[in-house]
file input31.cif (mmCIF, C-alpha atoms)
data_query
loop_
_atom_site.label_atom_id
_atom_site.label_comp_id
_atom_site.auth_asym_id
_atom_site.auth_seq_id
_atom_site.Cartn_x
_atom_site.Cartn_y
_atom_site.Cartn_z
CA MET A 1 -2.10 -9.97 -56.89
CA VAL A 2 -1.00 -13.54 -56.91
CA ALA A 3 -2.61 -15.99 -54.51
CA ILE A 4 0.17 -17.62 -52.53
CA ARG A 5 -0.33 -21.07 -51.09
CA PRO A 6 1.41 -22.18 -47.91
CA ARG A 7 4.96 -23.45 -48.35
CA LEU A 8 5.56 -27.04 -49.29
CA ALA A 9 4.40 -28.93 -46.20
CA TRP A 10 5.06 -32.44 -44.89
CA GLN A 11 2.02 -34.69 -44.79
CA ARG A 12 1.37 -38.12 -43.33
CA THR A 13 0.41 -40.85 -45.77
CA THR A 14 -0.37 -44.54 -45.42
CA VAL A 15 1.13 -47.33 -47.48
CA ARG A 16 -1.78 -48.96 -49.28
CA GLU A 17 -0.02 -51.62 -51.31
CA LEU A 18 3.50 -52.83 -52.11
CA ILE A 19 4.37 -54.25 -55.53
CA GLU A 20 7.56 -56.22 -56.23
CA GLU A 21 8.76 -54.94 -59.60
CA THR A 22 12.15 -56.70 -59.65
CA PRO A 23 14.26 -58.30 -56.89
CA ARG A 24 15.72 -54.84 -56.06
CA VAL A 25 12.80 -52.58 -56.90
CA ARG A 26 9.47 -52.10 -55.17
CA SER A 27 6.54 -49.81 -55.87
CA LEU A 28 4.76 -48.12 -52.96
CA VAL A 29 1.13 -47.25 -53.56
CA LEU A 30 0.20 -44.51 -51.11
CA ASP A 31 -3.01 -43.18 -49.60
CA ALA A 32 -2.36 -39.45 -49.51
CA PRO A 33 -5.61 -37.67 -48.60
CA GLY A 34 -4.11 -34.18 -48.87
CA TRP A 35 -2.50 -34.79 -52.26
CA GLN A 36 -3.06 -31.87 -54.64
CA GLY A 37 -2.33 -33.74 -57.87
CA HIS A 38 0.87 -33.77 -59.91
CA SER A 39 2.33 -33.66 -63.41
CA ALA A 40 4.12 -36.61 -65.02
CA GLY A 41 7.85 -36.30 -64.30
CA GLN A 42 7.57 -34.67 -60.88
CA HIS A 43 9.04 -36.12 -57.70
CA LEU A 44 8.27 -36.06 -54.01
CA ASP A 45 10.38 -36.10 -50.86
CA VAL A 46 10.11 -38.87 -48.27
CA ARG A 47 11.21 -38.22 -44.68
CA LEU A 48 11.99 -40.94 -42.16
CA THR A 49 12.38 -40.18 -38.45
CA ALA A 50 14.26 -42.57 -36.18
CA GLU A 51 13.29 -43.10 -32.54
CA ASP A 52 16.13 -40.82 -31.44
CA GLY A 53 14.80 -38.03 -33.65
CA TYR A 54 17.38 -38.42 -36.45
CA GLN A 55 15.78 -37.59 -39.79
CA ALA A 56 16.70 -38.55 -43.34
CA GLU A 57 15.09 -37.18 -46.50
CA ARG A 58 15.26 -38.50 -50.03
CA SER A 59 13.58 -37.60 -53.32
CA TYR A 60 11.73 -40.20 -55.36
CA SER A 61 10.14 -39.86 -58.77
CA ILE A 62 6.41 -40.39 -59.00
CA ALA A 63 5.56 -43.44 -61.13
CA SER A 64 1.78 -43.10 -61.31
CA ALA A 65 -0.04 -41.06 -63.94
CA PRO A 66 -1.69 -37.88 -62.68
CA VAL A 67 -5.12 -39.36 -63.55
CA GLU A 68 -4.62 -42.41 -61.32
CA PRO A 69 -6.44 -42.38 -57.96
CA HIS A 70 -3.36 -43.16 -55.83
CA VAL A 71 0.17 -41.81 -55.80
CA THR A 72 2.83 -44.43 -56.45
CA ILE A 73 6.58 -44.14 -56.07
CA THR A 74 8.96 -46.84 -57.29
CA VAL A 75 12.12 -47.30 -55.26
CA GLU A 76 15.34 -49.16 -56.02
CA ARG A 77 17.22 -50.56 -53.05
CA LEU A 78 20.70 -49.05 -52.73
CA ASP A 79 22.63 -51.39 -50.45
CA ASP A 80 24.49 -48.59 -48.66
CA GLY A 81 21.45 -46.30 -48.68
CA GLU A 82 19.94 -44.79 -45.53
CA VAL A 83 16.35 -44.70 -46.73
CA SER A 84 15.79 -47.04 -49.65
CA PRO A 85 16.49 -50.35 -47.80
CA TYR A 86 13.79 -49.42 -45.30
CA LEU A 87 11.32 -48.60 -48.09
CA THR A 88 12.04 -51.75 -50.11
CA ASP A 89 12.55 -54.30 -47.32
CA GLU A 90 10.90 -53.26 -44.08
CA LEU A 91 7.80 -51.26 -44.94
CA HIS A 92 4.39 -52.98 -44.73
CA PRO A 93 0.90 -52.04 -45.93
CA GLY A 94 -0.72 -49.84 -43.33
CA ASP A 95 2.57 -48.25 -42.25
CA GLU A 96 2.77 -44.47 -42.22
CA LEU A 97 5.20 -42.40 -44.22
CA GLU A 98 5.89 -38.65 -44.24
CA LEU A 99 6.11 -36.98 -47.62
CA ARG A 100 5.93 -33.60 -49.31
CA GLY A 101 5.23 -32.78 -52.90
CA PRO A 102 4.74 -32.80 -55.76
CA ILE A 103 8.02 -31.06 -56.53
CA GLY A 104 9.54 -29.78 -59.77
CA GLY A 105 8.21 -28.16 -62.91
CA TRP A 106 10.98 -28.41 -65.50
CA PHE A 107 11.32 -32.16 -66.05
CA THR A 108 7.58 -32.62 -66.63
CA TRP A 109 5.28 -33.39 -69.53
CA ARG A 110 1.61 -32.80 -70.20
CA PRO A 111 -0.03 -34.32 -73.31
CA THR A 112 -1.11 -30.81 -74.37
CA GLU A 113 2.58 -29.90 -74.80
CA GLY A 114 2.69 -32.31 -77.73
CA GLY A 115 5.73 -34.09 -79.04
CA PRO A 116 6.85 -36.29 -80.59
CA LEU A 117 8.38 -37.60 -77.41
CA LEU A 118 11.69 -39.39 -77.08
CA LEU A 119 12.13 -41.01 -73.68
CA VAL A 120 15.50 -42.53 -72.77
CA ALA A 121 15.88 -44.38 -69.47
CA GLY A 122 18.69 -46.18 -67.68
CA GLY A 123 17.71 -48.57 -64.86
CA SER A 124 15.35 -46.97 -62.35
CA GLY A 125 15.45 -43.81 -64.49
CA ILE A 126 12.37 -45.34 -66.10
CA VAL A 127 10.18 -44.18 -63.17
CA PRO A 128 9.34 -40.56 -64.10
CA LEU A 129 9.13 -41.56 -67.78
CA MET A 130 6.65 -44.31 -66.84
CA ALA A 131 4.36 -41.63 -65.40
CA MET A 132 4.44 -39.94 -68.83
CA ILE A 133 3.72 -43.22 -70.66
CA ARG A 134 0.90 -44.10 -68.26
CA GLN A 135 -0.59 -40.62 -68.71
CA LYS A 136 -0.47 -40.92 -72.50
CA ALA A 137 -2.11 -44.36 -72.30
CA ALA A 138 -4.79 -43.30 -69.83
CA LEU A 139 -5.78 -40.20 -71.80
CA ARG A 140 -5.40 -41.98 -75.18
CA SER A 141 -3.18 -39.08 -76.22
CA PRO A 142 -2.24 -39.20 -79.91
CA VAL A 143 1.26 -37.81 -79.21
CA PRO A 144 3.81 -40.30 -80.63
CA VAL A 145 6.13 -41.67 -77.94
CA ARG A 146 9.30 -43.73 -78.30
CA LEU A 147 11.01 -45.24 -75.26
CA LEU A 148 14.60 -46.52 -75.36
CA TYR A 149 15.30 -48.32 -72.09
CA SER A 150 18.71 -49.58 -70.96
CA SER A 151 18.88 -52.25 -68.26
CA ARG A 152 21.67 -54.53 -67.13
CA ALA A 153 19.72 -57.77 -67.51
CA TYR A 154 16.28 -59.00 -68.58
CA GLU A 155 15.13 -59.69 -65.01
CA GLU A 156 16.11 -56.15 -64.00
CA ILE A 157 13.75 -54.46 -66.48
CA ILE A 158 11.32 -52.51 -64.30
CA PHE A 159 7.65 -52.50 -65.48
CA ARG A 160 8.58 -55.08 -68.17
CA GLU A 161 5.17 -56.73 -68.50
CA GLU A 162 3.26 -53.46 -68.36
CA LEU A 163 5.53 -51.92 -71.01
CA ASP A 164 5.01 -54.98 -73.25
CA ARG A 165 1.26 -54.73 -72.80
CA LEU A 166 1.08 -50.95 -73.37
CA ALA A 167 3.32 -51.17 -76.46
CA ALA A 168 0.90 -53.73 -77.91
CA GLU A 169 -2.30 -51.92 -76.93
CA VAL A 170 -1.55 -48.20 -77.12
CA GLY A 171 -1.27 -46.46 -80.48
CA GLU A 172 1.86 -44.44 -81.29
CA LEU A 173 3.92 -46.01 -78.50
CA THR A 174 7.15 -47.85 -79.35
CA VAL A 175 9.33 -49.50 -76.71
CA GLU A 176 12.85 -50.76 -77.35
CA HIS A 177 15.17 -52.35 -74.77
CA THR A 178 18.90 -52.69 -74.59
CA LEU A 179 20.49 -55.14 -72.13
CA THR A 180 24.05 -54.16 -71.33
CA ARG A 181 25.38 -57.04 -69.19
CA SER A 182 23.52 -60.22 -69.99
CA GLN A 183 20.87 -61.22 -72.46
CA PRO A 184 18.49 -64.20 -72.36
CA GLU A 185 18.80 -66.84 -75.04
CA GLY A 186 17.19 -65.74 -78.28
CA TRP A 187 17.27 -62.02 -77.30
CA SER A 188 16.71 -59.96 -80.43
CA GLY A 189 16.98 -56.48 -78.88
CA TYR A 190 20.08 -54.36 -78.42
CA ASN A 191 22.89 -55.69 -76.21
CA ARG A 192 25.16 -52.67 -75.66
CA ARG A 193 25.23 -49.26 -74.04
CA ILE A 194 23.25 -46.59 -75.84
CA ASP A 195 25.35 -45.08 -78.63
CA ARG A 196 24.79 -42.76 -81.57
CA ALA A 197 24.05 -45.57 -84.02
CA MET A 198 21.32 -46.89 -81.71
CA LEU A 199 19.78 -43.44 -81.26
CA GLU A 200 19.82 -42.78 -85.00
CA GLU A 201 18.18 -46.14 -85.73
CA PHE A 202 15.47 -45.81 -83.16
CA THR A 203 14.71 -42.14 -82.52
CA TRP A 204 13.18 -39.18 -84.30
CA ALA A 205 14.94 -37.13 -86.93
CA ALA A 206 15.93 -33.68 -85.69
CA GLU A 207 13.53 -32.09 -88.22
CA GLU A 208 10.60 -33.59 -86.31
CA ARG A 209 11.54 -31.39 -83.32
CA PRO A 210 11.22 -34.11 -80.68
CA LEU A 211 10.84 -33.28 -77.02
CA THR A 212 13.35 -35.50 -75.19
CA PHE A 213 13.47 -36.66 -71.57
CA VAL A 214 16.54 -38.57 -70.39
CA CYS A 215 16.67 -40.08 -66.90
CA GLY A 216 19.14 -42.43 -65.26
CA PRO A 217 22.68 -42.63 -63.92
CA THR A 218 24.78 -39.53 -64.58
CA PRO A 219 27.13 -41.05 -67.24
CA LEU A 220 24.21 -42.37 -69.31
CA VAL A 221 22.29 -39.10 -69.06
CA GLU A 222 25.26 -36.94 -70.04
CA SER A 223 26.25 -39.22 -72.91
CA VAL A 224 22.71 -39.44 -74.36
CA ALA A 225 22.03 -35.70 -73.96
CA THR A 226 25.31 -34.88 -75.74
CA LEU A 227 24.50 -37.31 -78.56
CA CYS A 228 21.01 -35.84 -78.99
CA VAL A 229 22.43 -32.33 -79.37
CA GLU A 230 25.09 -33.62 -81.81
CA MET A 231 22.26 -35.15 -83.83
CA GLY A 232 20.74 -31.68 -84.15
CA TYR A 233 18.11 -31.79 -81.39
CA ALA A 234 17.37 -28.36 -79.90
CA PRO A 235 19.20 -28.28 -76.53
CA GLU A 236 16.27 -26.59 -74.78
CA ARG A 237 14.06 -29.55 -75.79
CA VAL A 238 16.43 -32.14 -74.29
CA LYS A 239 15.56 -32.37 -70.58
CA THR A 240 17.66 -34.41 -68.20
CA GLU A 241 17.38 -35.90 -64.74
CA ARG A 242 20.60 -37.36 -63.35
CA PHE A 243 20.38 -39.89 -60.54
CA GLY A 244 23.94 -39.16 -59.38
CA PRO A 245 26.59 -41.47 -57.99
CA THR A 246 24.22 -43.52 -55.84
CA GLY A 247 22.14 -44.65 -58.80
CA GLY A 248 24.64 -47.29 -59.88
CA ALA A 249 26.02 -47.70 -63.38
CA VAL A 250 23.91 -49.33 -66.07
CA MET B 1 30.81 -24.28 -48.00
CA SER B 2 33.57 -25.08 -50.46
CA ASP B 3 33.03 -24.70 -54.18
CA VAL B 4 32.87 -28.40 -54.91
CA SER B 5 32.50 -29.26 -58.56
CA ASP B 6 33.28 -32.96 -58.59
CA GLU B 7 31.72 -34.15 -61.83
CA SER B 8 30.50 -37.42 -60.37
CA LEU B 9 28.42 -35.60 -57.76
CA ARG B 10 26.48 -33.27 -59.99
CA LEU B 11 22.74 -33.48 -60.48
CA ASP B 12 20.26 -31.40 -62.44
CA GLY B 13 18.72 -28.24 -61.12
CA ASN B 14 15.48 -30.25 -60.95
CA ALA B 15 16.83 -31.90 -57.83
CA ALA B 16 16.91 -28.54 -56.03
CA ALA B 17 13.15 -28.11 -56.46
CA GLY B 18 12.38 -29.16 -52.88
CA LEU B 19 14.97 -26.84 -51.34
CA LEU B 20 13.84 -23.93 -53.52
CA ALA B 21 10.20 -24.62 -52.63
CA GLU B 22 11.10 -24.25 -48.95
CA ILE B 23 12.13 -20.67 -49.70
CA PHE B 24 10.10 -19.39 -52.65
CA PRO B 25 6.32 -19.60 -53.13
CA PHE B 26 6.73 -20.32 -56.85
CA GLU B 27 7.86 -23.41 -58.75
CA MET B 28 11.46 -22.34 -59.23
CA THR B 29 12.91 -25.04 -61.53
CA SER B 30 10.96 -23.47 -64.40
CA ALA B 31 12.08 -19.94 -63.44
CA HIS B 32 14.82 -18.57 -65.73
CA THR B 33 18.14 -17.07 -64.70
CA SER B 34 20.59 -15.04 -66.77
CA CYS B 35 24.17 -16.04 -66.01
CA ALA B 36 26.60 -13.39 -64.75
CA GLY B 37 29.42 -15.42 -66.29
CA CYS B 38 28.30 -15.88 -69.90
CA GLY B 39 24.98 -14.09 -70.21
CA GLN B 40 23.01 -17.16 -71.25
CA THR B 41 19.46 -17.57 -69.95
CA ARG B 42 18.00 -20.96 -69.05
CA PRO B 43 15.60 -22.57 -66.56
CA ILE B 44 16.97 -23.38 -63.11
CA GLY B 45 16.00 -27.03 -63.76
CA ALA B 46 18.59 -27.11 -66.53
CA LEU B 47 21.45 -25.83 -64.34
CA LEU B 48 23.89 -28.23 -62.69
CA LEU B 49 23.41 -28.88 -59.00
CA TYR B 50 26.20 -29.71 -56.58
CA GLY B 51 24.64 -30.39 -53.23
CA GLY B 52 25.01 -31.83 -49.79
CA GLU B 53 23.33 -31.80 -46.41
CA MET B 54 24.39 -28.18 -45.88
CA GLY B 55 23.01 -26.69 -49.04
CA ALA B 56 23.45 -26.41 -52.77
CA ILE B 57 25.38 -24.70 -55.54
CA LEU B 58 23.68 -24.23 -58.91
CA ARG B 59 26.14 -23.77 -61.75
CA CYS B 60 25.77 -22.73 -65.37
CA PRO B 61 26.24 -25.80 -67.62
CA HIS B 62 27.79 -23.56 -70.28
CA CYS B 63 30.47 -21.59 -68.37
CA ASN B 64 30.41 -23.30 -64.93
CA CYS B 65 29.73 -19.98 -63.16
CA ALA B 66 28.23 -20.51 -59.69
CA GLN B 67 24.88 -18.76 -60.17
CA LEU B 68 23.21 -19.54 -56.86
CA ARG B 69 24.65 -20.72 -53.57
CA ILE B 70 22.16 -21.69 -50.91
CA VAL B 71 23.13 -22.71 -47.38
CA ARG B 72 20.64 -23.94 -44.81
CA ALA B 73 22.12 -23.78 -41.33
CA ARG B 74 21.32 -22.70 -37.79
CA GLY B 75 17.74 -21.76 -38.51
CA ARG B 76 18.33 -19.60 -41.56
CA TYR B 77 18.82 -19.73 -45.30
CA VAL B 78 21.78 -17.83 -46.73
CA ILE B 79 21.49 -17.19 -50.46
CA ASP B 80 24.36 -15.84 -52.55
CA MET B 81 23.08 -14.82 -56.00
CA ARG B 82 26.14 -13.05 -57.37
CA GLY B 83 26.16 -15.35 -60.41
CA VAL B 84 22.71 -14.23 -61.58
CA THR B 85 22.13 -10.93 -63.34
CA LEU B 86 18.39 -11.43 -63.84
CA MET B 87 15.81 -13.88 -62.56
CA GLN B 88 12.41 -14.30 -64.22
CA ILE B 89 9.67 -16.17 -62.35
CA GLU B 90 6.32 -17.19 -63.81
CA THR B 91 3.65 -16.13 -61.36
CA THR B 92 1.28 -18.81 -62.65
CA THR B 93 3.44 -21.56 -61.14
CA GLN B 94 3.26 -22.51 -57.49
CA ALA B 95 5.68 -24.54 -55.46
#
call {"tool": "encode", "arguments": {"input": "input31.cif", "output": "structure tokens"}}
result
Amino acid sequence: MVAIRPRLAWQRTTVRELIEETPRVRSLVLDAPGWQGHSAGQHLDVRLTAEDGYQAERSYSIASAPVEPHVTITVERLDDGEVSPYLTDELHPGDELELRGPIGGWFTWRPTEGGPLLLVAGGSGIVPLMAMIRQKAALRSPVPVRLLYSSRAYEEIIFREELDRLAAEVGELTVEHTLTRSQPEGWSGYNRRIDRAMLEEFTWAAEERPLTFVCGPTPLVESVATLCVEMGYAPERVKTERFGPTGGAV
Amino acid sequence: MSDVSDESLRLDGNAAAGLLAEIFPFEMTSAHTSCAGCGQTRPIGALLLYGGEMGAILRCPHCNCAQLRIVRARGRYVIDMRGVTLMQIETTTQA
């Protein structure tokens, strides 16, 4: 017999801390006493209830590593969004939030699954991949990880300082940025959308059997996943998470 | 529910994990389905999701067959699984 746990239930959590990541992106560190732990790459659902009883639910990727003491989600403000403007602009420490999770088991990575790992992010698609990088760093996992991260502009790079620091401190972690709209003076990184030449320069050869996670706006995800398969990557080892039309183009 | 398949609206099967966890006690995005359209087997997380407030359609990324249609309305779930010939669920996973 299989022990069956109660269905995914909503739980009340308290906002512990808010971190400005970029002008449009904020991290919410949550006190979630009933949290059962998660795997890097999973998401959770947030539910807001208006005074008239109207409810809106949205999914957000978990940014914190499973070993961290608090659950963190990182939210980008979508100007026409129903939920994200409240989370990024109006929420204060001490406020309560309803959530359920963790959710998902396909787009996840545990260090014991090995690698090498290719992570490709567009914009706020970095969030679930950051949980993987933070988990590797925290556990000092020897699995080699390469991150290729596409942002519109330098000041829109989410987790920029932490990524710089981890790339310098953590063994077998390489981080490369591409800036698609504007580049600061003296920028030596890539300055175009991710293409095959960029992937071939930066990523693993197909013979190394990389495990690939691609997350971001739908056009970026579909283009990168197609290129990876054309390069000879095994399709079942290329995992994707599309943000859909509301994620904004990178 | 109409069979929408607007390419700009599609997500990955991963995004149906919450809806599936409302119904099934197991983590369903790592469950495998065999497609009634083309016979290929892959995890639900790797299917294409077309969704809305009413429910979701999960399509095969290879042949576009609608494998699972799930509608949540008026206090019930209605699940049409005509596009799946076989579903395999790992009992070690929990939603």
call {"tool": "residues_around", "arguments": {"input": "input31.cif", "residues": "Tyr50 in chain B", "least_positions_apart": "6", "cutoff": "6 Å", "atoms": "only C-alpha atoms", "output": "list of chain:residue names"}}
result
B:Arg10, B:Ala56, B:Ile57
call {"tool": "write_last_selection", "arguments": {"input": "input31.cif", "atoms": "C-alpha atoms", "output": "PDB file, in the frame of the given file"}}
result
ATOM      1  CA  ARG B  10      26.480 -33.270 -59.990  1.00  0.00           C
ATOM      2  CA  ALA B  56      23.450 -26.410 -52.770  1.00  0.00           C
ATOM      3  CA  ILE B  57      25.380 -24.700 -55.540  1.00  0.00           C
TER       4      ILE B  57
END
call {"tool": "resolve_selection", "arguments": {"input": "input31.cif", "expression": "the PyMOL selection byres ((chain B) within 7 of (chain A))", "output": "JSON, numbers by chain"}}
result
{"B": [8, 9, 10, 11, 12, 14, 17, 18, 21, 22, 25, 27, 29, 30, 45, 91, 95]}
call {"tool": "atom_distance", "arguments": {"input": "input31.cif", "atom1": "CA of Leu87 in chain A", "atom2": "CA of Phe24 in chain B"}}
result
29.6 Å
call {"tool": "atom_distance", "arguments": {"input": "input31.cif", "atom1": "CA of Leu199 in chain A", "atom2": "CA of Trp109 in chain A"}}
result
21.2 Å
call {"tool": "resolve_selection", "arguments": {"input": "input31.cif", "expression": "the PyMOL selection byres ((chain B and resi 33) around 12)", "output": "ChimeraX atom specification"}}
result
/B:13,28-32,34-47,58-60,66-68,81-90
call {"tool": "atom_distance", "arguments": {"input": "input31.cif", "atom1": "CA of Gly216 in chain A", "atom2": "CA of Gly122 in chain A"}}
result
4.5 Å
call {"tool": "axis_aligned_box", "arguments": {"input": "input31.cif", "around": "range 101-112 of chain A", "padding_each_side": "4 Å", "output": "lines of an AutoDock Vina configuration file"}}
result
center_x = 5.1
center_y = -31.2
center_z = -63.6
size_x = 20.4
size_y = 14.2
size_z = 29.5
call {"tool": "residues_around", "arguments": {"input": "input31.cif", "residues": "Ser84 in chain A", "least_positions_apart": "4", "cutoff": "10 Å", "atoms": "all atoms listed in the file", "output": "list in words"}}
result
Val25, Arg26, Arg58, Tyr60, Val75, Glu76, Arg77, Leu78, Asp79, Asp80, Thr88, Asp89 and Glu90 of chain A
call {"tool": "write_last_selection", "arguments": {"input": "input31.cif", "atoms": "C-alpha atoms", "output": "PDB file, in the frame of the given file"}}
result
ATOM      1  CA  VAL A  25      12.800 -52.580 -56.900  1.00  0.00           C
ATOM      2  CA  ARG A  26       9.470 -52.100 -55.170  1.00  0.00           C
ATOM      3  CA  ARG A  58      15.260 -38.500 -50.030  1.00  0.00           C
ATOM      4  CA  TYR A  60      11.730 -40.200 -55.360  1.00  0.00           C
ATOM      5  CA  VAL A  75      12.120 -47.300 -55.260  1.00  0.00           C
ATOM      6  CA  GLU A  76      15.340 -49.160 -56.020  1.00  0.00           C
ATOM      7  CA  ARG A  77      17.220 -50.560 -53.050  1.00  0.00           C
ATOM      8  CA  LEU A  78      20.700 -49.050 -52.730  1.00  0.00           C
ATOM      9  CA  ASP A  79      22.630 -51.390 -50.450  1.00  0.00           C
ATOM     10  CA  ASP A  80      24.490 -48.590 -48.660  1.00  0.00           C
ATOM     11  CA  THR A  88      12.040 -51.750 -50.110  1.00  0.00           C
ATOM     12  CA  ASP A  89      12.550 -54.300 -47.320  1.00  0.00           C
ATOM     13  CA  GLU A  90      10.900 -53.260 -44.080  1.00  0.00           C
TER      14      GLU A  90
END
call {"tool": "residues_around", "arguments": {"input": "input31.cif", "residues": "range 48-54 of chain A", "least_positions_apart": "5", "cutoff": "10 Å", "atoms": "only C-alpha atoms", "output": "PyMOL selection string"}}
result
chain A and resi 82-83+86-87+96-99
call {"tool": "resolve_selection", "arguments": {"input": "input31.cif", "expression": "the PyMOL selection byres ((chain A and resi 171) around 10)", "output": "list in words"}}
result
Lys136, Ala137, Arg140, Ser141, Pro142, Val143, Pro144, Val145, Leu166, Ala167, Ala168, Glu169, Val170, Glu172, Leu173 and Thr174 of chain A
call {"tool": "residues_around", "arguments": {"input": "input31.cif", "residues": "Glu230 in chain A", "least_positions_apart": "5", "cutoff": "10 Å", "atoms": "all atoms listed in the file", "output": "PyMOL selection string"}}
result
chain A and resi 196+206+224-225+235
call {"tool": "residues_around", "arguments": {"input": "input31.cif", "residues": "Leu148 in chain A", "least_positions_apart": "3", "cutoff": "9 Å", "atoms": "all atoms listed in the file", "output": "PyMOL selection string"}}
result
chain A and resi 118-122+174-178+194+199+202-203
call {"tool": "write_last_selection", "arguments": {"input": "input31.cif", "atoms": "C-alpha atoms", "output": "CSV table (one decimal), in the frame of the given file"}}
result
chain,number,residue,atom,x,y,z
A,118,LEU,CA,11.7,-39.4,-77.1
A,119,LEU,CA,12.1,-41.0,-73.7
A,120,VAL,CA,15.5,-42.5,-72.8
A,121,ALA,CA,15.9,-44.4,-69.5
A,122,GLY,CA,18.7,-46.2,-67.7
A,174,THR,CA,7.2,-47.8,-79.4
A,175,VAL,CA,9.3,-49.5,-76.7
A,176,GLU,CA,12.8,-50.8,-77.4
A,177,HIS,CA,15.2,-52.4,-74.8
A,178,THR,CA,18.9,-52.7,-74.6
A,194,ILE,CA,23.2,-46.6,-75.8
A,199,LEU,CA,19.8,-43.4,-81.3
A,202,PHE,CA,15.5,-45.8,-83.2
A,203,THR,CA,14.7,-42.1,-82.5
call {"tool": "closest_residue", "arguments": {"input": "input31.cif", "among": "A:Leu147, A:Ile157, A:Ala197, A:Val71", "to": "Ser182 in chain A", "atoms": "all atoms listed in the file"}}
result
A:Ile157
call {"tool": "closest_residue", "arguments": {"input": "input31.cif", "among": "A:Leu179, A:Val214, A:Ala205, A:Leu18", "to": "Asp95 in chain A", "atoms": "only C-alpha atoms"}}
result
A:Leu18
call {"tool": "closest_residue", "arguments": {"input": "input31.cif", "among": "A:Pro66, A:Gly186, A:Gly94, A:Pro210", "to": "Thr13 in chain A", "atoms": "only C-alpha atoms"}}
result
A:Gly94
call {"tool": "closest_residue", "arguments": {"input": "input31.cif", "among": "B:Ala15, B:Ile79, B:Ile23, B:Ala73", "to": "Gly51 in chain B", "atoms": "only C-alpha atoms"}}
result
B:Ala15
call {"tool": "build_atoms", "arguments": {"input": "input31.cif", "residues": "range 132-146 of chain A", "atoms": "N, CA and C atoms", "output": "PDB file, keeping the file's coordinate frame"}}
result
ATOM      1  N   MET A 132       4.812 -40.567 -67.563  1.00  0.00           N
ATOM      2  CA  MET A 132       4.440 -39.940 -68.830  1.00  0.00           C
ATOM      3  C   MET A 132       3.744 -40.955 -69.744  1.00  0.00           C
ATOM      4  N   ILE A 133       4.308 -42.183 -69.815  1.00  0.00           N
ATOM      5  CA  ILE A 133       3.720 -43.220 -70.660  1.00  0.00           C
ATOM      6  C   ILE A 133       2.330 -43.600 -70.148  1.00  0.00           C
ATOM      7  N   ARG A 134       2.211 -43.744 -68.840  1.00  0.00           N
ATOM      8  CA  ARG A 134       0.900 -44.100 -68.260  1.00  0.00           C
ATOM      9  C   ARG A 134      -0.116 -42.987 -68.513  1.00  0.00           C
ATOM     10  N   GLN A 135       0.331 -41.730 -68.458  1.00  0.00           N
ATOM     11  CA  GLN A 135      -0.590 -40.620 -68.710  1.00  0.00           C
ATOM     12  C   GLN A 135      -1.034 -40.617 -70.167  1.00  0.00           C
ATOM     13  N   LYS A 136      -0.096 -40.838 -71.080  1.00  0.00           N
ATOM     14  CA  LYS A 136      -0.470 -40.920 -72.500  1.00  0.00           C
ATOM     15  C   LYS A 136      -1.485 -42.034 -72.725  1.00  0.00           C
ATOM     16  N   ALA A 137      -1.215 -43.216 -72.108  1.00  0.00           N
ATOM     17  CA  ALA A 137      -2.110 -44.360 -72.300  1.00  0.00           C
ATOM     18  C   ALA A 137      -3.485 -44.080 -71.713  1.00  0.00           C
ATOM     19  N   ALA A 138      -3.518 -43.516 -70.504  1.00  0.00           N
ATOM     20  CA  ALA A 138      -4.790 -43.300 -69.830  1.00  0.00           C
ATOM     21  C   ALA A 138      -5.658 -42.279 -70.558  1.00  0.00           C
ATOM     22  N   LEU A 139      -5.029 -41.262 -71.116  1.00  0.00           N
ATOM     23  CA  LEU A 139      -5.780 -40.200 -71.800  1.00  0.00           C
ATOM     24  C   LEU A 139      -5.940 -40.487 -73.297  1.00  0.00           C
ATOM     25  N   ARG A 140      -5.414 -41.637 -73.739  1.00  0.00           N
ATOM     26  CA  ARG A 140      -5.400 -41.980 -75.180  1.00  0.00           C
ATOM     27  C   ARG A 140      -4.854 -40.817 -76.010  1.00  0.00           C
ATOM     28  N   SER A 141      -3.777 -40.223 -75.513  1.00  0.00           N
ATOM     29  CA  SER A 141      -3.180 -39.080 -76.220  1.00  0.00           C
ATOM     30  C   SER A 141      -2.572 -39.559 -77.540  1.00  0.00           C
ATOM     31  N   PRO A 142      -2.803 -38.808 -78.616  1.00  0.00           N
ATOM     32  CA  PRO A 142      -2.240 -39.200 -79.910  1.00  0.00           C
ATOM     33  C   PRO A 142      -0.761 -38.864 -80.078  1.00  0.00           C
ATOM     34  N   VAL A 143      -0.154 -38.213 -79.091  1.00  0.00           N
ATOM     35  CA  VAL A 143       1.260 -37.810 -79.210  1.00  0.00           C
ATOM     36  C   VAL A 143       2.135 -39.058 -79.369  1.00  0.00           C
ATOM     37  N   PRO A 144       2.944 -39.137 -80.440  1.00  0.00           N
ATOM     38  CA  PRO A 144       3.810 -40.300 -80.630  1.00  0.00           C
ATOM     39  C   PRO A 144       4.931 -40.330 -79.586  1.00  0.00           C
ATOM     40  N   VAL A 145       5.136 -41.514 -78.996  1.00  0.00           N
ATOM     41  CA  VAL A 145       6.130 -41.670 -77.940  1.00  0.00           C
ATOM     42  C   VAL A 145       7.041 -42.851 -78.260  1.00  0.00           C
ATOM     43  N   ARG A 146       8.337 -42.637 -78.172  1.00  0.00           N
ATOM     44  CA  ARG A 146       9.300 -43.730 -78.300  1.00  0.00           C
ATOM     45  C   ARG A 146      10.124 -43.806 -77.039  1.00  0.00           C
TER      46      ARG A 146
END
